[in-house]
file coords_33.json (JSON, C-alpha atoms)
[["chain", "number", "residue", "atom", "x", "y", "z"],
["H", 12, "MET", "CA", -1.53, 20.89, -6.05],
["H", 13, "ASN", "CA", -2.25, 21.20, -2.38],
["H", 14, "THR", "CA", -5.95, 21.88, -1.97],
["H", 15, "GLU", "CA", -6.30, 21.31, 1.75],
["H", 16, "ARG", "CA", -7.61, 24.17, 3.82],
["H", 17, "PRO", "CA", -8.56, 24.33, 7.49],
["H", 18, "GLU", "CA", -11.63, 22.24, 8.18],
["H", 19, "SER", "CA", -14.82, 24.09, 9.01],
["H", 20, "ASP", "CA", -16.86, 23.16, 12.05],
["H", 21, "SER", "CA", -19.34, 21.29, 9.87],
["H", 22, "GLU", "CA", -16.51, 19.33, 8.24],
["H", 23, "LYS", "CA", -15.08, 18.46, 11.63],
["H", 24, "GLU", "CA", -18.50, 17.30, 12.74],
["H", 25, "PHE", "CA", -18.89, 15.22, 9.59],
["H", 26, "VAL", "CA", -15.50, 13.56, 10.11],
["H", 27, "GLN", "CA", -16.31, 12.88, 13.75],
["H", 28, "ARG", "CA", -19.63, 11.29, 12.82],
["H", 29, "ALA", "CA", -17.99, 9.28, 10.07],
["H", 30, "LYS", "CA", -15.36, 7.99, 12.47],
["H", 31, "GLN", "CA", -18.01, 7.04, 15.01],
["H", 32, "SER", "CA", -20.02, 5.28, 12.34],
["H", 33, "LEU", "CA", -17.00, 3.35, 11.09],
["H", 34, "ASP", "CA", -16.09, 2.36, 14.64],
["H", 35, "GLU", "CA", -19.61, 1.04, 15.16],
["H", 36, "GLY", "CA", -19.21, -0.98, 11.98],
["H", 37, "LEU", "CA", -16.39, -2.93, 13.63],
["H", 38, "ASN", "CA", -18.97, -4.48, 15.93],
["H", 39, "ARG", "CA", -20.58, -6.12, 12.91],
["H", 40, "ILE", "CA", -17.52, -8.17, 11.98],
["H", 41, "PRO", "CA", -18.64, -11.82, 12.18],
["H", 42, "PRO", "CA", -17.26, -13.85, 15.12],
["H", 43, "GLN", "CA", -15.65, -16.39, 12.83],
["H", 44, "THR", "CA", -13.81, -13.59, 11.03],
["H", 45, "MET", "CA", -12.61, -12.24, 14.36],
["H", 46, "THR", "CA", -11.36, -15.71, 15.21],
["H", 47, "ARG", "CA", -9.40, -15.88, 11.95],
["H", 48, "LEU", "CA", -7.92, -12.45, 12.58],
["H", 49, "ARG", "CA", -6.83, -13.50, 16.04],
["H", 50, "LYS", "CA", -5.22, -16.70, 14.76],
["H", 51, "THR", "CA", -3.45, -14.85, 11.99],
["H", 52, "ARG", "CA", -2.09, -12.29, 14.40],
["H", 53, "ARG", "CA", -0.87, -14.91, 16.86],
["H", 54, "GLU", "CA", 0.88, -16.84, 14.11],
["H", 55, "ALA", "CA", 2.53, -13.67, 12.81],
["H", 56, "VAL", "CA", 3.79, -12.86, 16.29],
["H", 57, "ARG", "CA", 4.93, -16.45, 16.79],
["H", 58, "GLN", "CA", 6.97, -16.30, 13.61],
["H", 59, "ALA", "CA", 8.51, -13.00, 14.61],
["H", 60, "GLU", "CA", 9.54, -14.42, 17.99],
["H", 61, "SER", "CA", 10.91, -17.62, 16.53],
["H", 62, "GLY", "CA", 12.83, -15.90, 13.77],
["H", 63, "GLY", "CA", 10.33, -16.84, 11.09],
["H", 64, "PHE", "CA", 10.65, -19.45, 8.41],
["H", 65, "ASP", "CA", 11.79, -19.59, 4.83],
["H", 66, "ILE", "CA", 10.17, -22.47, 3.03],
["H", 67, "ALA", "CA", 12.16, -21.64, -0.10],
["H", 68, "SER", "CA", 15.35, -22.57, 1.75],
["H", 69, "TRP", "CA", 14.10, -26.15, 2.15],
["H", 70, "PHE", "CA", 14.52, -26.80, -1.55],
["H", 71, "PRO", "CA", 17.76, -26.97, -3.55],
["H", 72, "ALA", "CA", 18.37, -24.28, -6.15],
["H", 73, "PRO", "CA", 17.62, -26.46, -9.22],
["H", 74, "MET", "CA", 14.20, -27.34, -7.80],
["H", 75, "LYS", "CA", 13.39, -23.66, -7.28],
["H", 76, "ALA", "CA", 14.44, -22.90, -10.85],
["H", 77, "LEU", "CA", 12.28, -25.78, -12.09],
["H", 78, "ALA", "CA", 9.29, -24.51, -10.12],
["H", 79, "THR", "CA", 9.71, -20.99, -11.52],
["H", 80, "ALA", "CA", 9.95, -22.37, -15.05],
["H", 81, "ALA", "CA", 6.82, -24.45, -14.50],
["H", 82, "VAL", "CA", 4.90, -21.38, -13.36],
["H", 83, "ALA", "CA", 6.06, -19.46, -16.42],
["H", 84, "VAL", "CA", 5.09, -22.31, -18.78],
["H", 85, "LEU", "CA", 1.69, -22.64, -17.12],
["H", 86, "ALA", "CA", 1.10, -18.90, -17.40],
["H", 87, "LEU", "CA", 2.16, -18.89, -21.05],
["H", 88, "SER", "CA", 0.03, -21.88, -22.01],
["H", 89, "THR", "CA", -2.95, -20.43, -20.16],
["H", 90, "ALA", "CA", -2.60, -17.11, -21.92],
["H", 91, "LEU", "CA", -2.28, -18.79, -25.33],
["H", 92, "HIS", "CA", -5.23, -21.05, -24.69],
["H", 93, "PHE", "CA", -7.65, -18.43, -23.45],
["H", 94, "SER", "CA", -6.58, -15.39, -25.47],
["H", 95, "PRO", "CA", -8.75, -15.33, -28.63],
["H", 96, "GLY", "CA", -6.21, -13.42, -30.71],
["H", 97, "GLY", "CA", -3.11, -15.08, -29.34],
["H", 98, "LEU", "CA", -0.58, -13.05, -27.43],
["H", 99, "THR", "CA", -1.04, -9.31, -27.68],
["H", 100, "SER", "CA", 1.49, -6.58, -27.15],
["H", 101, "GLY", "CA", 0.47, -6.33, -23.50],
["H", 102, "SER", "CA", 0.80, -10.04, -22.85],
["H", 103, "GLY", "CA", 4.49, -9.91, -21.99],
["H", 104, "GLU", "CA", 3.83, -7.47, -19.19],
["H", 105, "GLU", "CA", 0.98, -9.56, -17.86],
["H", 106, "LEU", "CA", 3.02, -12.76, -18.04],
["H", 107, "GLU", "CA", 5.81, -11.09, -16.13],
["H", 108, "LEU", "CA", 3.31, -10.05, -13.48],
["H", 109, "VAL", "CA", 1.75, -13.49, -13.29],
["H", 110, "ALA", "CA", 5.05, -15.35, -13.22],
["H", 111, "SER", "CA", 7.04, -13.14, -10.91],
["H", 112, "ALA", "CA", 4.83, -11.02, -8.74],
["H", 113, "GLU", "CA", 5.22, -12.14, -5.17],
["H", 114, "ASP", "CA", 5.45, -15.83, -6.05],
["H", 115, "LEU", "CA", 8.35, -16.04, -3.64],
["H", 116, "GLU", "CA", 6.26, -14.45, -0.92],
["H", 117, "LEU", "CA", 3.48, -16.89, -1.71],
["H", 118, "SER", "CA", 5.82, -19.84, -1.30],
["H", 119, "GLU", "CA", 7.05, -18.40, 1.98],
["H", 120, "ASP", "CA", 3.49, -18.16, 3.22],
["H", 121, "LEU", "CA", 2.44, -21.66, 2.18],
["H", 122, "GLU", "CA", 3.32, -23.23, 5.49],
["H", 123, "PHE", "CA", 1.37, -20.54, 7.29],
["H", 124, "TYR", "CA", -1.74, -21.07, 5.19],
["H", 125, "ALA", "CA", -1.46, -24.83, 5.67],
["H", 126, "TRP", "CA", -1.28, -24.26, 9.40],
["H", 127, "LEU", "CA", -4.25, -21.93, 9.28],
["H", 128, "ALA", "CA", -6.32, -24.46, 7.32],
["H", 129, "GLU", "CA", -5.48, -27.16, 9.86],
["H", 130, "GLU", "CA", -6.48, -24.87, 12.68],
["H", 131, "GLU", "CA", -9.81, -24.12, 11.06],
["H", 132, "LEU", "CA", -10.45, -27.81, 10.43],
["H", 133, "ASP", "CA", -9.67, -28.55, 14.05],
["H", 134, "ALA", "CA", -11.94, -25.74, 15.18],
["H", 135, "GLY", "CA", -14.71, -26.82, 12.85],
["V", 18, "MET", "CA", 3.83, -6.48, 18.59],
["V", 19, "ASP", "CA", 0.70, -8.51, 19.37],
["V", 20, "GLU", "CA", -0.85, -5.44, 20.94],
["V", 21, "PHE", "CA", -0.07, -3.34, 17.89],
["V", 22, "LEU", "CA", -1.51, -5.83, 15.41],
["V", 23, "ALA", "CA", -4.59, -6.24, 17.60],
["V", 24, "SER", "CA", -5.05, -2.48, 17.57],
["V", 25, "VAL", "CA", -5.12, -2.25, 13.76],
["V", 26, "GLU", "CA", -6.45, -5.60, 12.53],
["V", 27, "GLN", "CA", -10.17, -4.79, 12.52],
["V", 28, "ARG", "CA", -9.84, -1.44, 10.82],
["V", 29, "ALA", "CA", -7.38, -2.97, 8.36],
["V", 30, "LEU", "CA", -9.92, -5.65, 7.52],
["V", 31, "ARG", "CA", -12.66, -3.10, 6.93],
["V", 32, "MET", "CA", -10.36, -0.92, 4.79],
["V", 33, "ALA", "CA", -9.50, -3.91, 2.64],
["V", 34, "GLU", "CA", -13.18, -4.81, 2.41],
["V", 35, "PHE", "CA", -14.10, -1.31, 1.28],
["V", 36, "ALA", "CA", -11.44, -1.65, -1.43],
["V", 37, "THR", "CA", -12.20, -5.15, -2.68],
["V", 38, "GLY", "CA", -15.88, -5.44, -1.91],
["V", 39, "PHE", "CA", -15.37, -8.97, -0.63],
["V", 40, "GLU", "CA", -14.75, -10.04, 2.96],
["V", 41, "GLU", "CA", -12.84, -13.18, 2.00],
["V", 42, "ASP", "CA", -10.42, -11.29, -0.23],
["V", 43, "ALA", "CA", -10.06, -8.62, 2.45],
["V", 44, "MET", "CA", -9.21, -11.28, 5.01],
["V", 45, "ASP", "CA", -6.51, -12.69, 2.72],
["V", 46, "LEU", "CA", -5.02, -9.24, 2.18],
["V", 47, "VAL", "CA", -4.85, -8.53, 5.91],
["V", 48, "GLN", "CA", -3.22, -11.92, 6.51],
["V", 49, "GLU", "CA", -0.64, -11.20, 3.84],
["V", 50, "ALA", "CA", -0.02, -7.71, 5.22],
["V", 51, "MET", "CA", 0.52, -9.03, 8.74],
["V", 52, "MET", "CA", 2.96, -11.69, 7.59],
["V", 53, "ALA", "CA", 4.87, -9.27, 5.37],
["V", 54, "TRP", "CA", 4.98, -6.64, 8.10],
["V", 55, "VAL", "CA", 6.40, -9.11, 10.61],
["V", 56, "ARG", "CA", 9.00, -10.32, 8.11],
["V", 57, "ARG", "CA", 10.17, -6.91, 6.96],
["V", 58, "TYR", "CA", 9.47, -4.22, 9.52],
["V", 59, "SER", "CA", 8.71, -5.53, 12.99],
["V", 60, "HIS", "CA", 12.30, -4.77, 14.01],
["V", 61, "LYS", "CA", 11.77, -1.09, 13.22],
["V", 62, "PRO", "CA", 11.06, 1.50, 15.97],
["V", 63, "GLU", "CA", 7.50, 1.30, 17.23],
["V", 64, "GLU", "CA", 6.59, 4.78, 16.06],
["V", 65, "GLU", "CA", 7.14, 3.57, 12.49],
["V", 66, "TRP", "CA", 4.98, 0.47, 12.77],
["V", 67, "ARG", "CA", 1.62, 2.01, 11.90],
["V", 68, "PRO", "CA", 2.56, 3.79, 8.65],
["V", 69, "LEU", "CA", 4.64, 0.81, 7.57],
["V", 70, "PHE", "CA", 1.84, -1.66, 8.23],
["V", 71, "PHE", "CA", -0.67, 0.42, 6.30],
["V", 72, "ARG", "CA", 1.83, 0.95, 3.49],
["V", 73, "ILE", "CA", 2.04, -2.84, 3.11],
["V", 74, "LEU", "CA", -1.73, -3.17, 3.28],
["V", 75, "GLN", "CA", -2.26, -0.50, 0.61],
["V", 76, "ASN", "CA", 0.34, -2.19, -1.60],
["V", 77, "LYS", "CA", -1.45, -5.50, -1.15],
["V", 78, "ILE", "CA", -4.72, -3.84, -2.13],
["V", 79, "ARG", "CA", -3.12, -2.37, -5.26],
["V", 80, "ASP", "CA", -1.64, -5.78, -6.09],
["V", 81, "TRP", "CA", -5.15, -7.20, -5.73],
["V", 82, "TYR", "CA", -6.43, -4.71, -8.31],
["V", 83, "ARG", "CA", -3.58, -5.58, -10.66],
["V", 84, "ARG", "CA", -4.33, -9.28, -10.33],
["V", 85, "GLN", "CA", -7.97, -8.62, -11.10],
["V", 86, "ALA", "CA", -6.92, -6.69, -14.21],
["V", 87, "VAL", "CA", -4.63, -9.51, -15.33],
["V", 88, "LYS", "CA", -7.31, -12.10, -14.72],
["V", 89, "ARG", "CA", -9.79, -10.13, -16.80],
["V", 90, "ARG", "CA", -7.36, -9.83, -19.69],
["V", 91, "VAL", "CA", -5.92, -13.32, -19.62],
["V", 92, "PHE", "CA", -9.21, -15.08, -19.26],
["V", 93, "GLY", "CA", -11.16, -12.68, -21.43],
["V", 94, "LEU", "CA", -13.82, -12.08, -18.83],
["V", 95, "VAL", "CA", -16.29, -9.30, -19.23],
["V", 96, "GLY", "CA", -14.68, -5.90, -18.88],
["V", 97, "GLY", "CA", -16.25, -2.78, -17.58],
["V", 98, "LEU", "CA", -16.83, -4.11, -14.09],
["V", 99, "PHE", "CA", -14.57, -1.40, -12.76],
["V", 100, "GLY", "CA", -14.38, 2.29, -13.51],
["V", 101, "ARG", "CA", -11.19, 4.28, -13.84],
["V", 102, "ASP", "CA", -9.56, 6.32, -11.17],
["V", 103, "GLU", "CA", -9.32, 9.62, -12.96],
["V", 104, "GLU", "CA", -6.33, 10.62, -10.88],
["V", 105, "GLN", "CA", -4.20, 7.52, -10.96],
["V", 106, "GLY", "CA", -5.41, 5.64, -13.99],
["V", 107, "GLN", "CA", -6.25, 2.73, -11.71],
["V", 108, "THR", "CA", -9.24, 0.50, -12.09],
["V", 109, "VAL", "CA", -10.77, 1.27, -8.77],
["V", 110, "GLU", "CA", -13.92, 3.30, -8.94],
["V", 111, "ALA", "CA", -17.40, 1.92, -8.73],
["V", 112, "LEU", "CA", -16.58, -1.50, -7.41],
["V", 113, "PRO", "CA", -19.84, -3.31, -6.96],
["V", 114, "ASP", "CA", -21.17, -3.47, -3.48],
["V", 115, "PRO", "CA", -21.32, -7.19, -2.64],
["V", 116, "LYS", "CA", -24.81, -6.74, -1.24],
["V", 117, "GLY", "CA", -25.98, -4.62, -4.15],
["V", 118, "ARG", "CA", -26.26, -1.47, -2.10],
["V", 119, "ASP", "CA", -25.74, 2.08, -3.30],
["V", 120, "PRO", "CA", -25.63, 5.43, -1.50],
["V", 121, "GLU", "CA", -29.01, 6.55, -2.79],
["V", 122, "SER", "CA", -30.85, 3.53, -1.48],
["V", 123, "HIS", "CA", -29.25, 4.01, 1.89],
["V", 124, "LEU", "CA", -30.30, 7.64, 1.96],
["V", 125, "GLN", "CA", -33.84, 6.54, 1.42],
["V", 126, "ASN", "CA", -33.53, 4.02, 4.20],
["V", 127, "SER", "CA", -32.00, 6.61, 6.52],
["V", 128, "ASP", "CA", -29.26, 4.13, 7.20],
["V", 129, "SER", "CA", -26.41, 6.57, 7.58],
["V", 130, "SER", "CA", -23.84, 4.02, 8.61],
["V", 131, "ALA", "CA", -24.43, 1.76, 5.63],
["V", 132, "ALA", "CA", -24.68, 4.82, 3.38],
["V", 133, "LEU", "CA", -21.26, 5.98, 4.52],
["V", 134, "GLU", "CA", -19.73, 2.58, 3.82],
["V", 135, "SER", "CA", -21.32, 2.44, 0.42],
["V", 136, "ALA", "CA", -20.15, 5.96, -0.42],
["V", 137, "LEU", "CA", -16.64, 5.04, 0.68],
["V", 138, "ARG", "CA", -16.67, 2.13, -1.75],
["V", 139, "LYS", "CA", -17.50, 4.53, -4.55],
["V", 140, "LEU", "CA", -14.48, 6.75, -3.91],
["V", 141, "PRO", "CA", -11.36, 6.42, -6.05],
["V", 142, "LEU", "CA", -8.74, 4.26, -4.35],
["V", 143, "ARG", "CA", -6.34, 7.05, -3.37],
["V", 144, "GLN", "CA", -9.09, 9.28, -2.00],
["V", 145, "ARG", "CA", -10.47, 6.43, 0.07],
["V", 146, "GLU", "CA", -6.99, 5.60, 1.40],
["V", 147, "ALA", "CA", -6.36, 9.22, 2.39],
["V", 148, "PHE", "CA", -9.72, 9.61, 4.09],
["V", 149, "LEU", "CA", -9.56, 6.37, 6.04],
["V", 150, "LEU", "CA", -5.98, 6.83, 7.17],
["V", 151, "ARG", "CA", -6.42, 10.49, 8.13],
["V", 152, "ALA", "CA", -9.97, 10.49, 9.52],
["V", 153, "TRP", "CA", -10.35, 6.96, 10.89],
["V", 154, "GLU", "CA", -6.83, 5.86, 11.67],
["V", 155, "GLU", "CA", -6.06, 9.43, 12.79],
["V", 156, "MET", "CA", -2.63, 9.37, 11.20],
["V", 157, "SER", "CA", -0.73, 12.61, 10.63],
["V", 158, "VAL", "CA", -0.33, 13.96, 7.13],
["V", 159, "ALA", "CA", 3.33, 12.90, 7.20],
["V", 160, "ASP", "CA", 2.56, 9.33, 8.30],
["V", 161, "THR", "CA", -0.28, 9.08, 5.79],
["V", 162, "ALA", "CA", 2.13, 10.18, 3.06],
["V", 163, "ARG", "CA", 4.53, 7.43, 4.12],
["V", 164, "ALA", "CA", 1.76, 4.86, 4.13],
["V", 165, "MET", "CA", 0.51, 5.97, 0.71],
["V", 166, "GLU", "CA", 4.00, 6.47, -0.69],
["V", 167, "CYS", "CA", 3.21, 9.93, -1.98],
["V", 168, "SER", "CA", 3.86, 13.56, -1.05],
["V", 169, "GLU", "CA", 2.13, 15.30, 1.83],
["V", 170, "GLY", "CA", 0.58, 17.66, -0.68],
["V", 171, "SER", "CA", -1.00, 14.72, -2.50],
["V", 172, "VAL", "CA", -2.39, 13.41, 0.77],
["V", 173, "LYS", "CA", -4.02, 16.76, 1.48],
["V", 174, "THR", "CA", -5.48, 16.90, -2.01],
["V", 175, "HIS", "CA", -6.86, 13.35, -1.91],
["V", 176, "TYR", "CA", -8.28, 13.89, 1.58],
["V", 177, "SER", "CA", -9.92, 17.16, 0.67],
["V", 178, "ARG", "CA", -11.54, 15.67, -2.43],
["V", 179, "ALA", "CA", -12.68, 12.62, -0.51],
["V", 180, "LEU", "CA", -14.25, 14.75, 2.18],
["V", 181, "ALA", "CA", -16.06, 16.89, -0.37],
["V", 182, "ALA", "CA", -17.34, 13.85, -2.27],
["V", 183, "LEU", "CA", -18.55, 12.09, 0.87],
["V", 184, "ARG", "CA", -20.30, 15.19, 2.21],
["V", 185, "GLU", "CA", -22.02, 15.69, -1.12],
["V", 186, "ARG", "CA", -23.20, 12.09, -1.30],
["V", 187, "LEU", "CA", -24.31, 11.99, 2.30],
["V", 188, "LYS", "CA", -25.64, 15.52, 2.71],
["V", 189, "GLU", "CA", -29.11, 14.26, 3.58],
["V", 190, "HIS", "CA", -27.63, 12.61, 6.64],
["V", 191, "GLY", "CA", -26.39, 15.82, 8.24],
["V", 192, "PRO", "CA", -23.29, 18.03, 8.13]]
call {"tool": "encode", "arguments": {"input": "coords_33.json", "output": "structure tokens"}}
result
Amino acid sequence: MNTERPESDSEKEFVQRAKQSLDEGLNRIPPQTMTRLRKTRREAVRQAESGGFDIASWFPAPMKALATAAVAVLALSTALHFSPGGLTSGSGEELELVASAEDLELSEDLEFYAWLAEEELDAG
Amino acid sequence: MDEFLASVEQRALRMAEFATGFEEDAMDLVQEAMMAWVRRYSHKPEEEWRPLFFRILQNKIRDWYRRQAVKRRVFGLVGGLFGRDEEQGQTVEALPDPKGRDPESHLQNSDSSAALESALRKLPLRQREAFLLRAWEEMSVADTARAMECSEGSVKTHYSRALAALRERLKEHGP
């Protein structure tokens, strides 16, 4: 259902004040956070300009399969160990989420995070 | 590309922080969103960059909620930390303010800025997304719908409800 109607003057004023207030909040972002944002952005742009990287391509297919299996086994053993009643009907869905959700993206980002950590160590 | 990311990074960080309640998690989500955006969409026409970037960010935020839900179930941690989004069935409402603030206390302190941020944290996820993208990011209804992956009608509904809820919670601070 579409419940939007034209904003009244008081609503427009509220939105304007909210926007101004949120903009002022940006000034309270800590300097070290701003530095991290800047580094992240520069690295993202660098990757775009250099064609990016694919850390997964460094490893042969059997090693990738082994890594995926290891993640699945770890997730399964963790769930069995910590779940008081053993696996429940919802466990399969959760395991699928844990084992598959964006693990490839995570591996692709590992080099970036390693670089970021090095940068922060150097800066610190 | 650098100019575009610079233009959205701070607001993206604050949006993620409103959603998660934690600056460190918010920082991680913005990092992930930037990297994913560069990988997938930076070759797209510039006019599409903003809705696509915020679509990725909102998806990362939803993934964050799902991971929290999985962690709670797998590790048997205490439930009930999060409320339910009555519209989406998502565990999003009433995330704790990391500094223990609430709208009422801010009203008493006449701290309208902090009260607004606290009230935003209390909104259901989809309402907060619609309000921030429409009011703060000044995106059109169509672009907001693309970013939220929903219909334009849903955007209008979420925005309208968010506006009403925020005005009600912050009425002592003016119109």
call {"tool": "closest_atom_pairs", "arguments": {"input": "coords_33.json", "of": "chain V", "to": "chain H", "cutoff": "9 Å", "atoms": "only C-alpha atoms", "output": "Markdown table"}}
result
| residue | atom | partner | partner_atom | distance |
| --- | --- | --- | --- | --- |
| V:Met18 | CA | H:Val56 | CA | 6.8 |
| V:Asp19 | CA | H:Val56 | CA | 6.2 |
| V:Leu22 | CA | H:Arg52 | CA | 6.6 |
| V:Ala23 | CA | H:Arg52 | CA | 7.3 |
| V:Glu26 | CA | H:Leu48 | CA | 7.0 |
| V:Gln27 | CA | H:Leu37 | CA | 6.6 |
| V:Arg28 | CA | H:Leu37 | CA | 7.3 |
| V:Leu30 | CA | H:Leu48 | CA | 8.7 |
| V:Arg31 | CA | H:Leu37 | CA | 7.7 |
| V:Glu40 | CA | H:Thr44 | CA | 8.9 |
| V:Met44 | CA | H:Leu48 | CA | 7.8 |
| V:Val47 | CA | H:Leu48 | CA | 8.3 |
| V:Gln48 | CA | H:Thr51 | CA | 6.2 |
| V:Glu49 | CA | H:Asp120 | CA | 8.1 |
| V:Met51 | CA | H:Ala55 | CA | 6.5 |
| V:Met52 | CA | H:Ala55 | CA | 5.6 |
| V:Ala53 | CA | H:Glu116 | CA | 8.3 |
| V:Trp54 | CA | H:Ala55 | CA | 8.8 |
| V:Val55 | CA | H:Ala59 | CA | 6.0 |
| V:Arg56 | CA | H:Ala59 | CA | 7.0 |
| V:Ser59 | CA | H:Ala59 | CA | 7.6 |
| V:Asp80 | CA | H:Ala112 | CA | 8.7 |
| V:Arg83 | CA | H:Leu108 | CA | 8.7 |
| V:Arg84 | CA | H:Val109 | CA | 8.0 |
| V:Val87 | CA | H:Glu105 | CA | 6.2 |
| V:Arg90 | CA | H:Ser94 | CA | 8.1 |
| V:Val91 | CA | H:Ala90 | CA | 5.5 |
| V:Phe92 | CA | H:Phe93 | CA | 5.6 |
| V:Gly93 | CA | H:Ser94 | CA | 6.7 |
| V:Ser129 | CA | H:Ser32 | CA | 8.1 |
| V:Ser130 | CA | H:Ser32 | CA | 5.5 |
| V:Ala131 | CA | H:Gly36 | CA | 8.7 |
| V:Leu133 | CA | H:Ala29 | CA | 7.2 |
| V:Glu134 | CA | H:Leu33 | CA | 7.8 |
| V:Leu149 | CA | H:Lys30 | CA | 8.8 |
| V:Ala152 | CA | H:Val26 | CA | 6.4 |
| V:Trp153 | CA | H:Lys30 | CA | 5.4 |
| V:Glu154 | CA | H:Lys30 | CA | 8.8 |
| V:Glu169 | CA | H:Asn13 | CA | 8.5 |
| V:Gly170 | CA | H:Asn13 | CA | 4.8 |
| V:Ser171 | CA | H:Asn13 | CA | 6.6 |
| V:Val172 | CA | H:Asn13 | CA | 8.4 |
| V:Lys173 | CA | H:Glu15 | CA | 5.1 |
| V:Thr174 | CA | H:Thr14 | CA | 5.0 |
| V:His175 | CA | H:Thr14 | CA | 8.6 |
| V:Tyr176 | CA | H:Glu15 | CA | 7.7 |
| V:Ser177 | CA | H:Glu15 | CA | 5.6 |
| V:Arg178 | CA | H:Thr14 | CA | 8.4 |
| V:Leu180 | CA | H:Glu22 | CA | 7.9 |
| V:Ala181 | CA | H:Glu22 | CA | 9.0 |
| V:Arg184 | CA | H:Phe25 | CA | 7.5 |
| V:Gly191 | CA | H:Phe25 | CA | 7.6 |
| V:Pro192 | CA | H:Ser21 | CA | 5.4 |
call {"tool": "residues_around", "arguments": {"input": "coords_33.json", "residues": "Met165 of chain V", "least_positions_apart": "2", "cutoff": "10 Å", "atoms": "all atoms listed in the file", "output": "MDAnalysis selection string"}}
result
chainID V and resid 68:69 71:76 143 146:147 150 159:163 167:169 171:172
call {"tool": "atom_distance", "arguments": {"input": "coords_33.json", "atom1": "atom CA of Glu34 of chain V", "atom2": "atom CA of Pro62 of chain V"}}
result
28.5 Å
call {"tool": "atom_distance", "arguments": {"input": "coords_33.json", "atom1": "atom CA of Arg138 of chain V", "atom2": "atom CA of Glu20 of chain V"}}
result
28.7 Å
call {"tool": "closest_residue", "arguments": {"input": "coords_33.json", "among": "V:Arg89, V:Arg67, V:Lys139, V:Lys61", "to": "Arg186 of chain V", "atoms": "all atoms listed in the file"}}
result
V:Lys139
call {"tool": "atom_distance", "arguments": {"input": "coords_33.json", "atom1": "atom CA of Lys88 of chain V", "atom2": "atom CA of Ala43 of chain V"}}
result
17.7 Å
